[in-house]
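Since the structure comes first, as C-alpha cells, the remarks are kept for the end.
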Amino acid sequence: MKSRRVVVTGLGALTPIGNNVEAFWKNCIAGQSGAAAITKFDASKFKTRFACEVKDFEIEQYLDKKEARKLDPFVQYAIAASDDAIKDSGIDFSQMDAHKAGVIWASGIGGLTTFYDEVTAFAQGDGTPRFNPFFIPKMIIDLAAGHISMRHGLRGVNFATVSACASSTHAVGEAFNYIQSGKVDVVVTGGSEAAITQPGIGGFNAMKALSTRNETPETASRPFDATRDGFVMGEGGICLMLEEYEHAKARGAKIYAEVVGYGVTADAYHITAPHPEGDGASGVMNMALEVAGISPEMIDYINVHGTSTPLGDIAELKAISKVFGEHGFKLNVSSTKSMTGHLLGAAGAIEAMACVLAVKHNVVPPTINHEVPDENIDARFNLTLNTKQERTINYALSNTFGFGGHNASLIVKKFEE
C-alpha cells in the first residue's frame with residue numbers, strides 16, 4: 001500500500017518570545033532573546049536566577065478560573081496551544097469520524113509545579129494527609145492529551161510520549177506514522193512544559209547543566225560560542241495539526257508544509273552526556289533521510305538540538321559531518337534555543353514549528369549571542385550567526401536529543417500539490 005502524505009494544516013504557539021505563531025516567528029527571525037530574571041518564585045539564592053518564561057499569559061482566554069485551577073500549568077499551556085492550532089487549521093471535527101482524529105502530546109516532566117506545591121504543603125503541615133483530589137490528575141503527563149481529546153471530542157489515537165528533550169519530536173513523529181499508515185486522518189500533536197520551578201531550576205543547577213550568566217541573561221544561551229556554560233530553561237506549549245493530504249485537500253485547508261521523514265535511535269552510552277562522536281545523532285539523521293527517501297544533499301537547513309552545552313554542541317556537529325560530508329558546510333545550521341531557551345519536552349515541537357515556518361518563508365532563523373569562536377568547531381559550518389539568512393529551503397531537518405540517550409529527528413518539506 002502506498003504511504004499516505006502528511007501535511008501541517010495548523011499551528012499554535014505559546015512561547016517565551018511570543019504568545020502566538022506570528023509573534024513567535026517575528027521575534028525568532030529578529031533574534032530576540034526570551035531570557036530574563038525569574039518571576040515565578042524568589043530565585044535569589046539559586047545559582048541560576050533567570051529563565052525563558054512565558055509572559056503575559058492569561059488562561060482565562062481559554063478556560064474559566066474554576067476549571068483552570070484543576071490543571072497544572074503544563075496542561076494549561078497545552079490547551080492554549082492546541083485550541084489555537086485547531087482554530088488556525090479551520091477544521092470542524094463534527095464533520096468527520098471522531099475515531100479518525102486523535103491526540104499525541106508530549107512533556108518531559110509534566111506537573112512539576114503541582115507536585116512541588118502539594119508535597120511542600122504536606123511537609124509543612126502536621127503530617128495529616130490533606131492532598132488535593134486533583135493532585136494526581138494535575139500531575140501526570142498523559143492528562144494533557146486526555147484534556148485535549150475530551151475538549152474536542154477526539155476518539156482516535158490518544159497517548160503521551162516521554163523521552164526527556166526528545167519527547168515532542170517523538171510525539172510529532174508518531175503522529176506522522178499513525179496518519180501515514182491509515183489509522184487516523186488528523187492528529188493534534190506537540191508538547192508543553194512548565195518546569196521553571198524551585199525543583200526544576202535547583203535540580204538542573206545541581207547537575208551543573210544550566211548557564212549561570214546572571215548579569216546578562218539575554219546573552220546566556222550561546223550555542224557554539226567558546227564561552228557557553230550551559231542551557232537556559234524555557235517553557236511553553238506548541239501544537240502542530242498534522243493531517244492526511246487528501247483529507248486536507250478535500251476540505252480546502254491551507255497547508256504550511258509536508259512532514260516526510262522521522263528517525264529514532266538511542267545512544268546507549270550515558271544517562272545525561274551525548275555520545276562524544278555523535279554516533280546516535282548521526283544514526284537518527286540517516287534514518288530520517290531514509291524514511292523521507294532523499295539524499296543528504298537535499299537538506300537545506302538543520303535546526304540543531306544546540307543547547308549551548310560544551311559537550312552537546314560539539315557532538316552534534318561531528319554527527320552532521322558524518323552524515324553530510326562537504327554538504328554540511330553548504331547548508332544552514334542554527335539553534336533557535338539561543339532565543340527561546342530549552343523547552344525540555346516541548347523543545348522538539350517548537351523547533352519543528354520553526355522548521356515549518358522556515359520552509360514556508362525561506363528564512364533561516366539565527367543563532368544569536370555568538371561572540372567567541374570555538375577552536376573545536378570547524379569554521380566552515382554556516383551556523384547562521386547572529387542574523388537571519390534568506391535562502392530557498394525545500395527541506396529542513398530538526399534534531400532533538402534527550403537525557404537517557406534518546407534521539408529523534410524530523411524532516412519537513414516545502415509543500416507542493
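Labels used: A, B, ... for chains in the order of the C-alpha cells, numbers from 1 for residues in each chain, and numbers from 1 for ligands as shown.
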
Taking the chain letters and numbering used in this document, name the residues of segment 159-372 of chain A that DSSP puts in helix (DSSP H, G or I), as a VMD selection string.
chain A and resid 167 to 180 198 to 206 217 to 219 245 to 250 279 to 292 296 to 298 310 to 329 337 to 340 344 to 361

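Those residues of segment 241-361 of chain A that DSSP, working from the backbone, places in strand (DSSP E) are Met241, Leu242, Glu243, Glu244, Ala257, Glu258, Val259, Val260, Gly261, Tyr262, Gly263, Val264, Thr265, Ala266, Tyr301, Ile302, Asn303, Asn332, Val333 and Ser334 of chain A.
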
Could those selected residues go to a file with N, CA and C atoms, as a PDB file, in the first residue's frame?
```
ATOM      1  N   MET A 241      -0.946  20.743  13.859  1.00  0.00           N
ATOM      2  CA  MET A 241      -2.037  19.923  13.344  1.00  0.00           C
ATOM      3  C   MET A 241      -1.509  19.156  12.138  1.00  0.00           C
ATOM      4  N   LEU A 242      -1.384  17.839  12.287  1.00  0.00           N
ATOM      5  CA  LEU A 242      -0.981  17.000  11.170  1.00  0.00           C
ATOM      6  C   LEU A 242      -2.222  16.349  10.562  1.00  0.00           C
ATOM      7  N   GLU A 243      -2.224  16.290   9.231  1.00  0.00           N
ATOM      8  CA  GLU A 243      -3.427  15.828   8.541  1.00  0.00           C
ATOM      9  C   GLU A 243      -3.033  15.091   7.264  1.00  0.00           C
ATOM     10  N   GLU A 244      -3.796  14.068   6.950  1.00  0.00           N
ATOM     11  CA  GLU A 244      -3.580  13.358   5.695  1.00  0.00           C
ATOM     12  C   GLU A 244      -3.898  14.302   4.532  1.00  0.00           C
ATOM     13  N   ALA A 257       3.322  23.009   5.261  1.00  0.00           N
ATOM     14  CA  ALA A 257       4.459  22.209   4.821  1.00  0.00           C
ATOM     15  C   ALA A 257       4.053  20.742   4.893  1.00  0.00           C
ATOM     16  N   GLU A 258       4.929  19.880   4.422  1.00  0.00           N
ATOM     17  CA  GLU A 258       4.689  18.442   4.464  1.00  0.00           C
ATOM     18  C   GLU A 258       5.735  17.778   5.353  1.00  0.00           C
ATOM     19  N   VAL A 259       5.315  16.852   6.198  1.00  0.00           N
ATOM     20  CA  VAL A 259       6.242  16.057   7.005  1.00  0.00           C
ATOM     21  C   VAL A 259       6.582  14.809   6.210  1.00  0.00           C
ATOM     22  N   VAL A 260       7.888  14.556   6.012  1.00  0.00           N
ATOM     23  CA  VAL A 260       8.276  13.446   5.131  1.00  0.00           C
ATOM     24  C   VAL A 260       9.245  12.458   5.784  1.00  0.00           C
ATOM     25  N   GLY A 261       9.913  12.856   6.874  1.00  0.00           N
ATOM     26  CA  GLY A 261      10.915  11.978   7.467  1.00  0.00           C
ATOM     27  C   GLY A 261      10.880  11.970   8.973  1.00  0.00           C
ATOM     28  N   TYR A 262      11.208  10.822   9.563  1.00  0.00           N
ATOM     29  CA  TYR A 262      11.207  10.658  11.020  1.00  0.00           C
ATOM     30  C   TYR A 262      12.196   9.561  11.371  1.00  0.00           C
ATOM     31  N   GLY A 263      13.100   9.869  12.297  1.00  0.00           N
ATOM     32  CA  GLY A 263      14.063   8.877  12.737  1.00  0.00           C
ATOM     33  C   GLY A 263      14.131   8.789  14.241  1.00  0.00           C
ATOM     34  N   VAL A 264      14.422   7.598  14.767  1.00  0.00           N
ATOM     35  CA  VAL A 264      14.565   7.383  16.210  1.00  0.00           C
ATOM     36  C   VAL A 264      15.727   6.417  16.464  1.00  0.00           C
ATOM     37  N   THR A 265      16.625   6.800  17.384  1.00  0.00           N
ATOM     38  CA  THR A 265      17.718   5.926  17.795  1.00  0.00           C
ATOM     39  C   THR A 265      18.016   6.161  19.270  1.00  0.00           C
ATOM     40  N   ALA A 266      18.943   5.373  19.788  1.00  0.00           N
ATOM     41  CA  ALA A 266      19.429   5.557  21.156  1.00  0.00           C
ATOM     42  C   ALA A 266      20.953   5.580  21.156  1.00  0.00           C
ATOM     43  N   TYR A 301      18.509  23.126   5.487  1.00  0.00           N
ATOM     44  CA  TYR A 301      18.599  23.745   6.810  1.00  0.00           C
ATOM     45  C   TYR A 301      18.447  22.695   7.886  1.00  0.00           C
ATOM     46  N   ILE A 302      19.287  22.776   8.919  1.00  0.00           N
ATOM     47  CA  ILE A 302      19.163  21.921  10.088  1.00  0.00           C
ATOM     48  C   ILE A 302      18.950  22.791  11.313  1.00  0.00           C
ATOM     49  N   ASN A 303      17.813  22.597  11.971  1.00  0.00           N
ATOM     50  CA  ASN A 303      17.594  23.214  13.285  1.00  0.00           C
ATOM     51  C   ASN A 303      18.165  22.230  14.297  1.00  0.00           C
ATOM     52  N   ASN A 332      22.521  25.477   5.881  1.00  0.00           N
ATOM     53  CA  ASN A 332      22.488  26.344   7.062  1.00  0.00           C
ATOM     54  C   ASN A 332      22.194  25.533   8.309  1.00  0.00           C
ATOM     55  N   VAL A 333      22.859  25.891   9.378  1.00  0.00           N
ATOM     56  CA  VAL A 333      22.616  25.318  10.697  1.00  0.00           C
ATOM     57  C   VAL A 333      22.250  26.456  11.626  1.00  0.00           C
ATOM     58  N   SER A 334      21.268  26.254  12.500  1.00  0.00           N
ATOM     59  CA  SER A 334      21.037  27.247  13.551  1.00  0.00           C
ATOM     60  C   SER A 334      20.364  26.606  14.742  1.00  0.00           C
TER      61      SER A 334
END
```

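Here atom CA of Arg69 of chain A stands at a distance of 11.9 Å from atom CA of Pro137 of chain A.
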
Quick one: residues within 10 Å of segment 205-221 of chain A, only C-alpha atoms, excluding same-chain residues fewer than 2 positions away - as number ranges by chain?
A: 32-37, 46-52, 199-203, 223-225, 227-233, 272, 306-310, 335-342, 367-371

Per-residue nearest contacts of segment 83-117 of chain A to segment 162-183 of chain A (10 Å; only C-alpha atoms) as CSV:
```
residue,atom,partner,partner_atom,distance
A:His99,CA,A:Lys183,CA,9.2
A:Lys100,CA,A:Lys183,CA,7.1
A:Ala101,CA,A:Lys183,CA,9.2
A:Gly102,CA,A:Ala175,CA,8.6
A:Val103,CA,A:Ala175,CA,8.0
A:Ile104,CA,A:Ala171,CA,5.6
A:Trp105,CA,A:Ala171,CA,5.8
A:Ala106,CA,A:Ser168,CA,4.9
A:Ser107,CA,A:Val162,CA,6.1
A:Gly108,CA,A:Ala164,CA,4.5
A:Ile109,CA,A:Ala164,CA,7.5
A:Gly110,CA,A:Val162,CA,9.3
```

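Among the candidates A:Phe159, A:Val304, A:Phe403, A:His152, the one nearest to His275 of chain A when counting only C-alpha atoms is A:Phe403.
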
Report the distance between atom CA of Tyr395 of chain A and atom CA of Ile86 of chain A in Å, rounded to one decimal place.
24.8 Å

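We find atom CA of Lys322 of chain A and atom CA of Ala408 of chain A to be spaced 16.8 Å apart.
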
Find the spatial neighbours of Lys249 of chain A, counting only C-alpha atoms, within a cut-off of 12 Å - ignore same-chain residues fewer than 5 positions away - and output them as a PDB file with N, CA and C atoms, in the first residue's frame.
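Produced file around.pdb, reproduced below:
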```
ATOM      1  N   ARG A   5       0.395  10.822   2.324  1.00  0.00           N
ATOM      2  CA  ARG A   5       1.130  12.057   2.598  1.00  0.00           C
ATOM      3  C   ARG A   5       0.574  12.722   3.861  1.00  0.00           C
ATOM      4  N   VAL A   6       1.470  13.351   4.595  1.00  0.00           N
ATOM      5  CA  VAL A   6       1.103  14.004   5.857  1.00  0.00           C
ATOM      6  C   VAL A   6       1.515  15.466   5.798  1.00  0.00           C
ATOM      7  N   VAL A   7       0.541  16.357   6.010  1.00  0.00           N
ATOM      8  CA  VAL A   7       0.808  17.790   5.903  1.00  0.00           C
ATOM      9  C   VAL A   7       0.468  18.495   7.218  1.00  0.00           C
ATOM     10  N   VAL A   8       1.032  19.689   7.363  1.00  0.00           N
ATOM     11  CA  VAL A   8       0.770  20.538   8.533  1.00  0.00           C
ATOM     12  C   VAL A   8      -0.271  21.570   8.144  1.00  0.00           C
ATOM     13  N   THR A   9      -1.427  21.548   8.822  1.00  0.00           N
ATOM     14  CA  THR A   9      -2.519  22.457   8.449  1.00  0.00           C
ATOM     15  C   THR A   9      -2.861  23.471   9.531  1.00  0.00           C
ATOM     16  N   ILE A  91     -10.463  23.327  10.880  1.00  0.00           N
ATOM     17  CA  ILE A  91     -11.142  22.039  10.829  1.00  0.00           C
ATOM     18  C   ILE A  91     -12.407  22.047  11.684  1.00  0.00           C
ATOM     19  N   ASP A 185      -6.804  10.167  10.377  1.00  0.00           N
ATOM     20  CA  ASP A 185      -6.633  11.185   9.342  1.00  0.00           C
ATOM     21  C   ASP A 185      -6.059  12.487   9.885  1.00  0.00           C
ATOM     22  N   GLU A 243      -2.224  16.290   9.231  1.00  0.00           N
ATOM     23  CA  GLU A 243      -3.427  15.828   8.541  1.00  0.00           C
ATOM     24  C   GLU A 243      -3.033  15.091   7.264  1.00  0.00           C
ATOM     25  N   GLU A 244      -3.796  14.068   6.950  1.00  0.00           N
ATOM     26  CA  GLU A 244      -3.580  13.358   5.695  1.00  0.00           C
ATOM     27  C   GLU A 244      -3.898  14.302   4.532  1.00  0.00           C
ATOM     28  N   LYS A 254      -5.614  25.252   4.258  1.00  0.00           N
ATOM     29  CA  LYS A 254      -4.300  25.805   3.919  1.00  0.00           C
ATOM     30  C   LYS A 254      -3.253  24.824   4.431  1.00  0.00           C
ATOM     31  N   ILE A 255      -2.126  24.763   3.744  1.00  0.00           N
ATOM     32  CA  ILE A 255      -1.088  23.809   4.104  1.00  0.00           C
ATOM     33  C   ILE A 255       0.232  24.559   4.269  1.00  0.00           C
ATOM     34  N   GLU A 416       4.098  20.995  -2.048  1.00  0.00           N
ATOM     35  CA  GLU A 416       3.781  21.055  -3.463  1.00  0.00           C
ATOM     36  C   GLU A 416       2.576  20.168  -3.710  1.00  0.00           C
ATOM     37  N   GLU A 417       1.684  20.592  -4.558  1.00  0.00           N
ATOM     38  CA  GLU A 417       0.490  19.789  -4.889  1.00  0.00           C
ATOM     39  C   GLU A 417       0.891  18.395  -5.411  1.00  0.00           C
TER      40      GLU A 417
END
```

Pull the closest atom pair for each residue of segment 158-207 of chain A that gets at most 12 Å from segment 53-59 of chain A, along with the distance in Å to one decimal, counting only C-alpha atoms, ordering rows by chain and then ascending residue number, as a Markdown table.
```
| residue | atom | partner | partner_atom | distance |
| --- | --- | --- | --- | --- |
| A:Ser192 | CA | A:Val54 | CA | 11.5 |
| A:Glu193 | CA | A:Val54 | CA | 10.5 |
| A:Ala194 | CA | A:Glu53 | CA | 8.9 |
| A:Ala195 | CA | A:Glu53 | CA | 9.8 |
| A:Ile196 | CA | A:Glu53 | CA | 7.5 |
| A:Thr197 | CA | A:Glu53 | CA | 10.7 |
```

Write the residues you've just listed into a file as a PDB file, in the first residue's frame, and include C-alpha atoms for each of them.
```pdb
ATOM      1  CA  SER A 192       4.207  21.559  26.649  1.00  0.00           C
ATOM      2  CA  GLU A 193       6.460  22.135  29.623  1.00  0.00           C
ATOM      3  CA  ALA A 194       6.274  24.245  32.774  1.00  0.00           C
ATOM      4  CA  ALA A 195       9.376  23.339  34.759  1.00  0.00           C
ATOM      5  CA  ILE A 196      10.552  26.806  35.797  1.00  0.00           C
ATOM      6  CA  THR A 197      10.083  25.999  39.470  1.00  0.00           C
TER       7      THR A 197
END
```

So that I can check the surroundings of Gly237 of chain A, please list as an NGL selection string every protein, DNA and RNA residue that reaches within 10 Å of it, counting only C-alpha atoms and ignoring chain neighbours fewer than 4 positions away.
:A and (12-16 or 19 or 54 or 73-82 or 106-107 or 190-194 or 343 or 345-347 or 349-350)

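Residues in contact with Lys26 of chain A at up to 12 Å, not including ones fewer than 4 positions away on its chain and judged by only C-alpha atoms, are Ile17, Gly18, Asn19, Asn20, Val21, Glu22, Ala30, Gly31, Gln32, Ser33, Met339, Ala354, Leu357, Ala358, His361, Val363, Pro365 and Lys388 of chain A.
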
Next, dump the selected residues to file, keeping only N, CA and C atoms, as a PDB file, in the first residue's frame.
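What follows is the written file selection.pdb:
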```pdb
ATOM      1  N   ILE A  17       9.038  33.838  23.467  1.00  0.00           N
ATOM      2  CA  ILE A  17       9.238  35.002  22.599  1.00  0.00           C
ATOM      3  C   ILE A  17       7.977  35.340  21.807  1.00  0.00           C
ATOM      4  N   GLY A  18       6.832  34.926  22.319  1.00  0.00           N
ATOM      5  CA  GLY A  18       5.584  35.290  21.670  1.00  0.00           C
ATOM      6  C   GLY A  18       4.486  34.306  21.993  1.00  0.00           C
ATOM      7  N   ASN A  19       3.286  34.842  22.223  1.00  0.00           N
ATOM      8  CA  ASN A  19       2.160  34.000  22.630  1.00  0.00           C
ATOM      9  C   ASN A  19       1.262  33.583  21.485  1.00  0.00           C
ATOM     10  N   ASN A  20       1.733  33.764  20.273  1.00  0.00           N
ATOM     11  CA  ASN A  20       1.057  33.234  19.087  1.00  0.00           C
ATOM     12  C   ASN A  20       2.103  33.004  18.009  1.00  0.00           C
ATOM     13  N   VAL A  21       1.722  32.357  16.941  1.00  0.00           N
ATOM     14  CA  VAL A  21       2.681  31.970  15.911  1.00  0.00           C
ATOM     15  C   VAL A  21       3.311  33.187  15.254  1.00  0.00           C
ATOM     16  N   GLU A  22       2.498  34.187  14.946  1.00  0.00           N
ATOM     17  CA  GLU A  22       3.016  35.379  14.278  1.00  0.00           C
ATOM     18  C   GLU A  22       4.072  36.078  15.130  1.00  0.00           C
ATOM     19  N   ALA A  30      14.066  37.862  14.121  1.00  0.00           N
ATOM     20  CA  ALA A  30      14.704  39.112  14.528  1.00  0.00           C
ATOM     21  C   ALA A  30      15.816  38.882  15.546  1.00  0.00           C
ATOM     22  N   GLY A  31      15.944  37.650  16.044  1.00  0.00           N
ATOM     23  CA  GLY A  31      16.986  37.357  17.018  1.00  0.00           C
ATOM     24  C   GLY A  31      16.694  37.876  18.408  1.00  0.00           C
ATOM     25  N   GLN A  32      15.437  37.803  18.821  1.00  0.00           N
ATOM     26  CA  GLN A  32      15.017  38.321  20.123  1.00  0.00           C
ATOM     27  C   GLN A  32      15.172  37.248  21.197  1.00  0.00           C
ATOM     28  N   SER A  33      15.898  37.550  22.249  1.00  0.00           N
ATOM     29  CA  SER A  33      16.039  36.604  23.359  1.00  0.00           C
ATOM     30  C   SER A  33      14.828  36.669  24.271  1.00  0.00           C
ATOM     31  N   MET A 339      17.378  31.708  21.443  1.00  0.00           N
ATOM     32  CA  MET A 339      16.350  32.732  21.695  1.00  0.00           C
ATOM     33  C   MET A 339      15.260  32.244  22.640  1.00  0.00           C
ATOM     34  N   ALA A 354       9.532  25.845  13.964  1.00  0.00           N
ATOM     35  CA  ALA A 354      10.488  26.766  13.346  1.00  0.00           C
ATOM     36  C   ALA A 354      10.905  26.268  11.967  1.00  0.00           C
ATOM     37  N   LEU A 357       8.028  26.901   9.472  1.00  0.00           N
ATOM     38  CA  LEU A 357       7.963  28.310   9.085  1.00  0.00           C
ATOM     39  C   LEU A 357       9.160  28.714   8.227  1.00  0.00           C
ATOM     40  N   ALA A 358      10.319  28.129   8.496  1.00  0.00           N
ATOM     41  CA  ALA A 358      11.499  28.413   7.678  1.00  0.00           C
ATOM     42  C   ALA A 358      11.286  27.937   6.247  1.00  0.00           C
ATOM     43  N   HIS A 361       8.647  30.267   4.548  1.00  0.00           N
ATOM     44  CA  HIS A 361       9.038  31.649   4.283  1.00  0.00           C
ATOM     45  C   HIS A 361      10.440  31.794   3.695  1.00  0.00           C
ATOM     46  N   VAL A 363      13.370  31.518   5.115  1.00  0.00           N
ATOM     47  CA  VAL A 363      14.214  32.297   6.028  1.00  0.00           C
ATOM     48  C   VAL A 363      14.774  31.359   7.087  1.00  0.00           C
ATOM     49  N   PRO A 365      16.251  31.195  10.724  1.00  0.00           N
ATOM     50  CA  PRO A 365      16.416  31.993  11.939  1.00  0.00           C
ATOM     51  C   PRO A 365      17.844  31.881  12.446  1.00  0.00           C
ATOM     52  N   LYS A 388      19.531  36.497  10.782  1.00  0.00           N
ATOM     53  CA  LYS A 388      18.802  35.571   9.904  1.00  0.00           C
ATOM     54  C   LYS A 388      19.431  35.556   8.521  1.00  0.00           C
TER      55      LYS A 388
END
```

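Residues surrounding Leu11 of chain A within 6 Å are Ala85, Cys239 and Leu240 of chain A [only C-alpha atoms; sequence separation below 2 positions excluded].
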